[in-house]
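The file entry.tsv comes next; it holds TSV, C-alpha atoms and all ligand atoms.
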```tsv
chain	number	residue	atom	x	y	z
A	1	MET	CA	88.56	106.42	99.78
A	2	GLN	CA	90.03	106.15	103.26
A	3	SER	CA	92.53	103.34	103.15
A	4	VAL	CA	93.19	100.83	105.91
A	5	LEU	CA	96.22	101.35	108.14
A	6	SER	CA	97.87	98.62	110.13
A	7	SER	CA	96.58	100.28	113.30
A	8	ASN	CA	92.94	100.09	112.26
A	9	ILE	CA	92.79	96.40	111.51
A	10	SER	CA	90.61	95.46	114.43
A	11	ALA	CA	91.79	93.30	117.29
A	12	GLU	CA	88.89	90.97	116.52
A	13	LEU	CA	90.09	90.42	112.93
A	14	ARG	CA	93.64	89.87	114.16
A	15	ARG	CA	92.31	87.25	116.61
A	16	ARG	CA	90.35	85.50	113.84
A	17	ILE	CA	93.48	85.43	111.66
A	18	ASN	CA	95.69	84.15	114.47
A	19	ASP	CA	93.17	81.42	115.33
A	20	ALA	CA	92.55	80.34	111.73
A	21	SER	CA	93.87	77.07	110.46
A	22	ARG	CA	92.05	76.46	107.17
A	23	VAL	CA	92.00	79.52	104.99
A	24	LEU	CA	90.46	80.12	101.60
A	25	VAL	CA	91.52	83.11	99.51
A	26	LEU	CA	89.30	84.10	96.61
A	27	THR	CA	90.93	86.57	94.25
A	28	GLY	CA	89.84	88.54	91.21
A	29	ALA	CA	91.37	90.97	88.77
A	30	GLY	CA	91.93	93.59	91.50
A	31	VAL	CA	94.68	91.52	93.15
A	32	SER	CA	96.72	91.91	89.96
A	33	ALA	CA	95.82	95.55	89.31
A	34	GLU	CA	98.95	96.87	91.02
A	35	SER	CA	101.05	94.52	88.87
A	36	GLY	CA	99.68	96.40	85.88
A	37	VAL	CA	96.97	93.96	84.77
A	38	PRO	CA	93.86	95.91	83.81
A	39	THR	CA	90.63	94.92	85.60
A	40	PHE	CA	87.57	94.02	83.56
A	41	ARG	CA	85.14	96.46	85.09
A	42	GLY	CA	85.75	100.06	85.97
A	43	GLY	CA	87.95	100.97	82.97
A	44	GLY	CA	91.18	99.46	81.75
A	45	ASN	CA	92.20	98.53	78.24
A	46	SER	CA	91.03	94.93	78.48
A	47	ALA	CA	87.39	96.07	78.36
A	48	VAL	CA	87.38	96.57	74.59
A	49	TRP	CA	89.46	95.01	71.83
A	50	LYS	CA	89.26	96.46	68.32
A	51	GLY	CA	85.84	97.89	69.13
A	52	MET	CA	84.53	94.60	70.52
A	53	PRO	CA	83.55	94.41	74.20
A	54	PHE	CA	85.57	91.77	76.09
A	55	ASP	CA	82.51	89.60	76.61
A	56	VAL	CA	82.09	89.36	72.81
A	57	ILE	CA	85.70	88.67	71.78
A	58	SER	CA	85.96	86.37	74.82
A	59	SER	CA	82.84	84.38	74.01
A	60	ALA	CA	82.36	80.72	73.20
A	61	GLY	CA	80.83	81.66	69.82
A	62	MET	CA	84.01	83.45	68.74
A	63	VAL	CA	86.03	80.23	68.92
A	64	SER	CA	83.92	78.68	66.17
A	65	ARG	CA	83.48	81.95	64.24
A	66	ASP	CA	86.98	83.41	64.42
A	67	LEU	CA	89.59	81.39	66.33
A	68	PRO	CA	92.51	83.39	64.83
A	69	GLY	CA	90.82	86.56	66.13
A	70	VAL	CA	90.51	85.04	69.60
A	71	TRP	CA	94.21	84.08	69.50
A	72	GLU	CA	95.14	87.57	68.36
A	73	TRP	CA	93.50	88.99	71.48
A	74	PHE	CA	94.92	86.41	73.87
A	75	ASP	CA	98.41	86.64	72.32
A	76	TYR	CA	98.24	90.40	72.82
A	77	ARG	CA	97.21	89.98	76.47
A	78	ARG	CA	99.89	87.31	77.08
A	79	GLU	CA	102.51	89.60	75.55
A	80	LEU	CA	101.48	92.35	78.00
A	81	LEU	CA	101.65	89.91	80.90
A	82	LYS	CA	105.13	88.65	80.06
A	83	SER	CA	106.82	91.66	81.60
A	84	LEU	CA	104.56	91.89	84.67
A	85	THR	CA	105.53	90.57	88.06
A	86	PRO	CA	103.68	89.65	91.26
A	87	ASN	CA	102.94	92.53	93.64
A	88	PRO	CA	103.09	92.58	97.46
A	89	ALA	CA	99.57	91.09	97.68
A	90	HIS	CA	100.51	87.99	95.63
A	91	GLU	CA	103.70	87.68	97.66
A	92	ALA	CA	101.95	87.98	101.04
A	93	ILE	CA	99.36	85.38	99.99
A	94	ALA	CA	102.15	83.01	98.95
A	95	ARG	CA	103.77	83.44	102.39
A	96	TRP	CA	100.49	82.45	104.06
A	97	GLN	CA	101.26	78.87	103.00
A	98	ASP	CA	103.73	78.75	105.89
A	99	ARG	CA	101.41	80.51	108.28
A	100	PHE	CA	98.17	78.51	108.05
A	101	ARG	CA	97.80	74.76	108.27
A	102	GLY	CA	95.68	74.67	105.12
A	103	LEU	CA	95.63	77.40	102.50
A	104	THR	CA	93.75	77.28	99.23
A	105	VAL	CA	93.93	80.08	96.72
A	106	VAL	CA	90.97	80.20	94.35
A	107	THR	CA	91.46	82.68	91.57
A	108	GLN	CA	89.34	83.96	88.74
A	109	ASN	CA	92.49	85.33	87.15
A	110	ILE	CA	94.20	83.69	84.21
A	111	ASP	CA	97.48	85.58	84.58
A	112	GLY	CA	99.48	83.00	86.59
A	113	LEU	CA	100.81	85.66	88.99
A	114	HIS	CA	99.89	83.72	92.16
A	115	GLN	CA	102.00	80.79	90.97
A	116	LEU	CA	104.81	83.14	89.93
A	117	ALA	CA	104.78	84.51	93.49
A	118	GLY	CA	105.17	80.97	94.83
A	119	SER	CA	101.60	79.92	95.68
A	120	LYS	CA	101.37	76.16	95.20
A	121	LYS	CA	97.73	75.22	95.73
A	122	VAL	CA	95.88	77.43	93.27
A	123	ILE	CA	92.50	76.56	91.82
A	124	GLU	CA	92.13	78.46	88.56
A	125	LEU	CA	88.39	78.76	88.04
A	126	HIS	CA	88.72	80.49	84.68
A	127	GLY	CA	91.72	78.64	83.27
A	128	SER	CA	95.12	80.05	82.38
A	129	ILE	CA	96.45	82.25	79.63
A	130	TRP	CA	99.66	80.17	79.91
A	131	ARG	CA	97.98	77.01	78.60
A	132	THR	CA	96.46	75.96	75.33
A	133	ARG	CA	93.87	73.24	74.76
A	134	CYS	CA	92.92	71.12	71.76
A	135	VAL	CA	89.43	71.84	70.39
A	136	THR	CA	88.95	68.14	69.68
A	137	CYS	CA	90.76	65.93	72.19
A	138	ASN	CA	91.12	68.50	75.00
A	139	SER	CA	94.86	67.80	75.44
A	140	ARG	CA	96.48	70.70	77.26
A	141	PHE	CA	99.91	72.22	76.61
A	142	ALA	CA	101.83	74.81	78.60
A	143	ILE	CA	102.73	78.00	76.77
A	144	SER	CA	106.35	78.95	77.36
A	145	ARG	CA	107.27	82.47	78.38
A	146	THR	CA	110.18	82.41	75.97
A	147	GLU	CA	109.16	80.29	72.98
A	148	GLU	CA	106.44	80.57	70.35
A	149	ARG	CA	103.24	78.85	71.32
A	150	ARG	CA	102.38	75.58	69.61
A	151	SER	CA	99.82	76.00	66.82
A	152	VAL	CA	98.43	72.45	66.48
A	153	CYS	CA	97.76	69.66	68.94
A	154	ALA	CA	100.72	67.28	69.45
A	155	ASP	CA	98.28	64.42	70.14
A	156	CYS	CA	95.74	64.68	67.33
A	157	GLY	CA	96.89	67.51	65.08
A	158	ASP	CA	93.74	69.60	65.43
A	159	ARG	CA	93.53	73.30	66.29
A	160	LEU	CA	94.41	74.64	69.71
A	161	ARG	CA	92.52	77.30	71.62
A	162	PRO	CA	93.35	79.25	74.77
A	163	ASP	CA	92.68	77.10	77.87
A	164	VAL	CA	90.52	79.78	79.42
A	165	VAL	CA	86.84	79.94	80.23
A	166	LEU	CA	85.05	82.14	77.74
A	167	PHE	CA	81.62	83.68	78.16
A	168	GLY	CA	78.97	81.05	77.65
A	169	GLU	CA	81.29	78.19	78.67
A	170	MET	CA	81.36	75.90	81.66
A	171	LEU	CA	84.14	76.07	84.24
A	172	PRO	CA	86.89	73.41	84.02
A	173	PRO	CA	85.45	70.09	85.25
A	174	GLY	CA	85.75	69.74	89.02
A	175	ALA	CA	87.31	73.17	89.64
A	176	PHE	CA	84.32	74.82	91.27
A	177	GLU	CA	83.40	71.66	93.17
A	178	MET	CA	86.91	71.52	94.64
A	179	ALA	CA	86.75	75.23	95.55
A	180	ALA	CA	83.28	74.85	97.08
A	181	GLU	CA	84.49	71.94	99.21
A	182	GLN	CA	87.37	74.05	100.52
A	183	ALA	CA	85.01	76.98	101.13
A	184	ALA	CA	82.70	74.77	103.17
A	185	GLN	CA	85.63	73.59	105.30
A	186	CYS	CA	87.54	76.83	105.90
A	187	ASP	CA	87.39	78.89	109.06
A	188	LEU	CA	88.58	82.09	107.42
A	189	CYS	CA	87.83	83.33	103.90
A	190	PHE	CA	89.45	86.33	102.24
A	191	VAL	CA	87.79	87.93	99.22
A	192	ILE	CA	90.36	90.07	97.48
A	193	GLY	CA	89.95	92.28	94.42
A	194	THR	CA	86.81	90.90	92.90
A	195	SER	CA	83.65	92.75	91.94
A	196	GLY	CA	81.66	89.70	93.07
A	197	LEU	CA	79.45	89.89	90.01
A	198	VAL	CA	80.42	86.69	88.24
A	199	TYR	CA	79.01	83.40	89.49
A	200	PRO	CA	79.66	80.71	90.50
A	201	ALA	CA	82.94	82.18	91.87
A	202	ALA	CA	81.05	84.91	93.71
A	203	GLY	CA	79.08	82.22	95.55
A	204	LEU	CA	82.15	80.91	97.41
A	205	PRO	CA	82.18	83.53	100.21
A	206	GLU	CA	78.51	82.74	100.86
A	207	ILE	CA	79.31	79.03	101.10
A	208	ALA	CA	82.12	79.81	103.56
A	209	LYS	CA	79.91	82.12	105.61
A	210	ALA	CA	77.05	79.61	105.72
A	211	ALA	CA	79.49	76.99	107.01
A	212	GLY	CA	80.50	79.31	109.88
A	213	ALA	CA	83.69	80.89	108.50
A	214	CYS	CA	84.73	84.48	109.11
A	215	VAL	CA	84.75	86.37	105.78
A	216	CYS	CA	86.96	89.38	105.11
A	217	GLU	CA	86.98	91.51	101.96
A	218	VAL	CA	89.84	93.65	100.63
A	219	ASN	CA	88.80	96.07	97.91
A	220	PRO	CA	89.02	99.83	97.34
A	221	GLU	CA	85.25	99.78	96.70
A	222	ARG	CA	82.25	98.10	98.25
A	223	THR	CA	80.83	95.19	96.28
A	224	PRO	CA	77.69	93.06	96.46
A	225	LEU	CA	79.78	90.65	98.56
A	226	SER	CA	80.49	93.29	101.22
A	227	PHE	CA	77.16	92.40	102.82
A	228	VAL	CA	78.29	88.81	103.34
A	229	CYS	CA	81.55	89.88	104.96
A	230	ASP	CA	82.31	90.17	108.66
A	231	PHE	CA	85.15	92.57	107.88
A	232	VAL	CA	85.50	94.96	104.95
A	233	LEU	CA	88.97	96.44	104.50
A	234	THR	CA	88.85	99.37	102.13
A	235	GLY	CA	92.04	99.74	100.17
A	236	LYS	CA	94.33	98.33	97.52
A	237	ALA	CA	95.33	94.68	97.82
A	238	GLY	CA	99.05	95.45	97.49
A	239	GLU	CA	98.85	97.82	100.45
A	240	VAL	CA	96.33	96.06	102.71
A	241	VAL	CA	97.13	92.34	102.32
A	242	PRO	CA	100.75	92.61	103.58
A	243	LEU	CA	99.40	94.29	106.74
A	244	LEU	CA	97.38	91.21	107.59
A	301	LIG	P1	86.36	92.91	87.91
A	301	LIG	O1	87.08	93.73	86.89
A	301	LIG	O2	84.91	92.67	87.71
A	301	LIG	O3	86.51	93.60	89.33
A	301	LIG	C1	87.75	94.02	89.81
A	301	LIG	C2	87.58	94.39	91.25
A	301	LIG	O4	88.86	94.73	91.75
A	301	LIG	C3	86.67	95.61	91.51
A	301	LIG	O5	85.80	95.31	92.58
A	301	LIG	C4	87.66	96.70	91.90
A	301	LIG	O6	87.09	97.61	92.87
A	301	LIG	C5	88.76	95.89	92.54
A	301	LIG	N1	90.08	96.53	92.51
A	301	LIG	C6	90.61	97.41	91.64
A	301	LIG	N2	91.87	97.73	91.96
A	301	LIG	C7	92.16	97.02	93.09
A	301	LIG	C8	93.31	96.90	93.92
A	301	LIG	N3	94.42	97.57	93.67
A	301	LIG	N4	93.25	96.08	94.97
A	301	LIG	C9	92.12	95.37	95.24
A	301	LIG	N5	91.01	95.44	94.50
A	301	LIG	C10	91.03	96.25	93.44
A	301	LIG	O7	87.19	91.56	88.05
A	301	LIG	P2	86.71	90.14	88.60
A	301	LIG	O8	85.84	90.28	89.77
A	301	LIG	O9	87.93	89.33	88.72
A	301	LIG	O10	85.82	86.14	83.77
A	301	LIG	O11	85.86	89.63	87.38
A	301	LIG	C11	85.34	88.33	87.42
A	301	LIG	C12	85.34	87.74	86.06
A	301	LIG	O12	84.68	88.62	85.16
A	301	LIG	C13	86.71	87.58	85.43
A	301	LIG	O13	87.41	86.43	85.88
A	301	LIG	C14	86.38	87.46	83.98
A	301	LIG	C15	85.32	88.53	83.86
A	301	LIG	O14	84.32	88.23	83.00
A	301	LIG	C16	86.10	85.51	82.61
A	301	LIG	O15	86.81	86.00	81.76
A	301	LIG	C17	85.48	84.16	82.50
```
Output the structure of this file as structure tokens.
Ligand code: OAD
Amino acid sequence: MQSVLSSNISAELRRRINDASRVLVLTGAGVSAESGVPTFRGGGNSAVWKGMPFDVISSAGMVSRDLPGVWEWFDYRRELLKSLTPNPAHEAIARWQDRFRGLTVVTQNIDGLHQLAGSKKVIELHGSIWRTRCVTCNSRFAISRTEERRSVCADCGDRLRPDVVLFGEMLPPGAFEMAAEQAAQCDLCFVIGTSGLVYPAAGLPEIAKAAGACVCEVNPERTPLSFVCDFVLTGKAGEVVPLL
């Protein structure tokens, strides 16, 4: 892999960034990789849990079959996340709030690291590991970083589940629609650290491109989305994003 240097970010990309006013940033697991969060694909210890592939333990069916098992896995992941901090990519993206007139961060990550870095407008397409949701009345409760998580719903007393999107489930109501609206209105779209394999999130760069936006990918590897992009910056998010 030949990584991007500040000097080989093209003048054309710099011009597009300087001229941009509405910017959409789509992020995936790769943006958090340098914080120590394992990615889903391409290795990492989140791919398998007690012999079960992540798309099995993280599936809608598991909530009805074995909710304590699902909690065991998510509690384990949350425990790992507790000590992790935002990396230079999260921090640079948070600073972009002051640089562009409109900035929307759309993330597939559930780790909360964009918010921890200071990003305010974050659309979480796949929910958050820092929230819990009632299986009956859908009330949501924040999970504290310091206290035990609540075990039953404060509103109706039923069981709580992680407020994350599991395989076979719909996205949170309105989340994708809001993201798609922003994608259709942006003039610059960054696609950072996602394999681009999971829809509908992976459709956002295409929506942006079709609406006339410039699309720029940051990833150490090429992805199916590279073909949609006007610029492909090969390298790690934590190294490349601060150069932009
Ligand atoms: P993936 O694990 O599929 O892809 C991670 C991407 O990050 C790959 O393209 C890597 O090349 C790239 N990558 C690795 N290290 C990087 C770094 N330091 N800087 C930049 N990029 C790096 O993760 P996602 O695309 O986020 O959904 O996966 C999408 C969804 O699939 C997840 O949200 C999850 C999973 O199923 C649910 O759980 C609902």
Each chain A residue no farther than 8 Å from ligand LIG 301 (chain A), nearest pair in Å, all atoms listed in the file, as a tab-separated table:
```
residue	atom	partner	partner_atom	distance
A:Thr27	CA	A:LIG301	O9	6.9
A:Gly28	CA	A:LIG301	O9	3.2
A:Ala29	CA	A:LIG301	O9	3.8
A:Gly30	CA	A:LIG301	O4	3.3
A:Val31	CA	A:LIG301	C9	5.1
A:Ser32	CA	A:LIG301	N3	7.1
A:Ala33	CA	A:LIG301	N3	5.0
A:Glu34	CA	A:LIG301	N3	5.3
A:Pro38	CA	A:LIG301	O1	7.8
A:Thr39	CA	A:LIG301	O1	4.0
A:Phe40	CA	A:LIG301	O1	3.4
A:Arg41	CA	A:LIG301	O1	3.8
A:Gly42	CA	A:LIG301	O1	6.5
A:Phe54	CA	A:LIG301	O14	7.9
A:Asp55	CA	A:LIG301	O14	6.8
A:Ser58	CA	A:LIG301	O15	7.0
A:Thr107	CA	A:LIG301	O13	7.9
A:Gln108	CA	A:LIG301	O13	4.2
A:Asn109	CA	A:LIG301	O13	5.4
A:Ile110	CA	A:LIG301	O13	7.5
A:His126	CA	A:LIG301	C17	5.4
A:Val164	CA	A:LIG301	C17	7.4
A:Val165	CA	A:LIG301	C17	5.0
A:Leu166	CA	A:LIG301	C17	5.2
A:Phe167	CA	A:LIG301	C17	5.8
A:Ile192	CA	A:LIG301	C9	6.0
A:Gly193	CA	A:LIG301	N5	3.3
A:Thr194	CA	A:LIG301	O8	3.3
A:Ser195	CA	A:LIG301	O5	3.4
A:Gly196	CA	A:LIG301	O8	5.4
A:Leu197	CA	A:LIG301	O8	6.4
A:Val198	CA	A:LIG301	C11	5.3
A:Ala201	CA	A:LIG301	C11	8.0
A:Val218	CA	A:LIG301	C9	6.1
A:Asn219	CA	A:LIG301	N5	4.1
A:Pro220	CA	A:LIG301	O6	5.4
A:Glu221	CA	A:LIG301	O6	4.8
A:Arg222	CA	A:LIG301	O5	7.2
A:Thr223	CA	A:LIG301	O5	6.2
A:Gly235	CA	A:LIG301	N4	6.5
A:Lys236	CA	A:LIG301	N4	3.6
A:Ala237	CA	A:LIG301	N4	3.8
A:Gly238	CA	A:LIG301	N4	6.4
```
Can you tell me which residues surround range 157-162 of chain A at a distance of at most 6 Å, considering all atoms listed in the file, apart from same-chain residues fewer than 6 positions away, and format the answer as a tab-separated table (two decimals) with C-alpha atoms, in the frame of the given file?
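Below is the file part_3.tsv, written as the result:
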```tsv
chain	number	residue	atom	x	y	z
A	132	THR	CA	96.46	75.96	75.33
A	133	ARG	CA	93.87	73.24	74.76
A	134	CYS	CA	92.92	71.12	71.76
A	135	VAL	CA	89.43	71.84	70.39
```
Here is a test: counting only C-alpha atoms, which residue of A:Trp71, A:Phe100, A:Phe227, A:Tyr199 is nearest to Met170 in chain A? A:Tyr199
Would you kindly return, as a compact mmCIF listing (two decimals) with C-alpha atoms, in the coordinates of the input, each protein, DNA or RNA residue with an atom no farther than 12 Å from any atom of Ile143 in chain A, considering all atoms listed in the file and excluding same-chain residues fewer than 4 positions away?
```txt
# COMPACT_ATOMS: atom_id res chain seq x y z
CA PHE A 74 94.92 86.41 73.87
CA ASP A 75 98.41 86.64 72.32
CA ARG A 78 99.89 87.31 77.08
CA GLU A 79 102.51 89.60 75.55
CA LYS A 82 105.13 88.65 80.06
CA GLY A 112 99.48 83.00 86.59
CA SER A 128 95.12 80.05 82.38
CA ILE A 129 96.45 82.25 79.63
CA TRP A 130 99.66 80.17 79.91
CA ARG A 131 97.98 77.01 78.60
CA THR A 132 96.46 75.96 75.33
CA ARG A 133 93.87 73.24 74.76
CA GLU A 147 109.16 80.29 72.98
CA GLU A 148 106.44 80.57 70.35
CA ARG A 149 103.24 78.85 71.32
CA ARG A 150 102.38 75.58 69.61
CA SER A 151 99.82 76.00 66.82
CA LEU A 160 94.41 74.64 69.71
CA ARG A 161 92.52 77.30 71.62
CA PRO A 162 93.35 79.25 74.77
CA ASP A 163 92.68 77.10 77.87
```
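The coordinates place CA of Pro173 in chain A at 21.0 Å from CA of Ser64 in chain A.
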Given only C-alpha atoms as the counted atoms, nearest of A:Pro88, A:Ala213, A:Val63, A:Cys186 to Ser35 in chain A: A:Pro88
Mind giving me the straight-line distance from CA of Trp96 in chain A to CA of Cys214 in chain A in Å, one decimal? 16.7 Å
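Distance-wise, CA of Val191 in chain A and CA of Pro172 in chain A end up 21.0 Å apart.
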Range 116-123 of chain A: which residues within 12 Å, counting all atoms listed in the file, same-chain residues fewer than 6 positions away excluded, as a PyMOL selection string? chain A and resi 23-27+32+35+81-82+84-98+102-110+130+145+171-183+201
Restricting the calculation to only C-alpha atoms, which member of A:Asp187, A:Glu217, A:Glu206, A:Glu72 is positioned closest to Leu244 in chain A? A:Glu217
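Closest approach to Val56 in chain A from the set A:Val152, A:Val70, A:Ala210, A:Ala20 is made by A:Val70, with distances taken over all atoms listed in the file.
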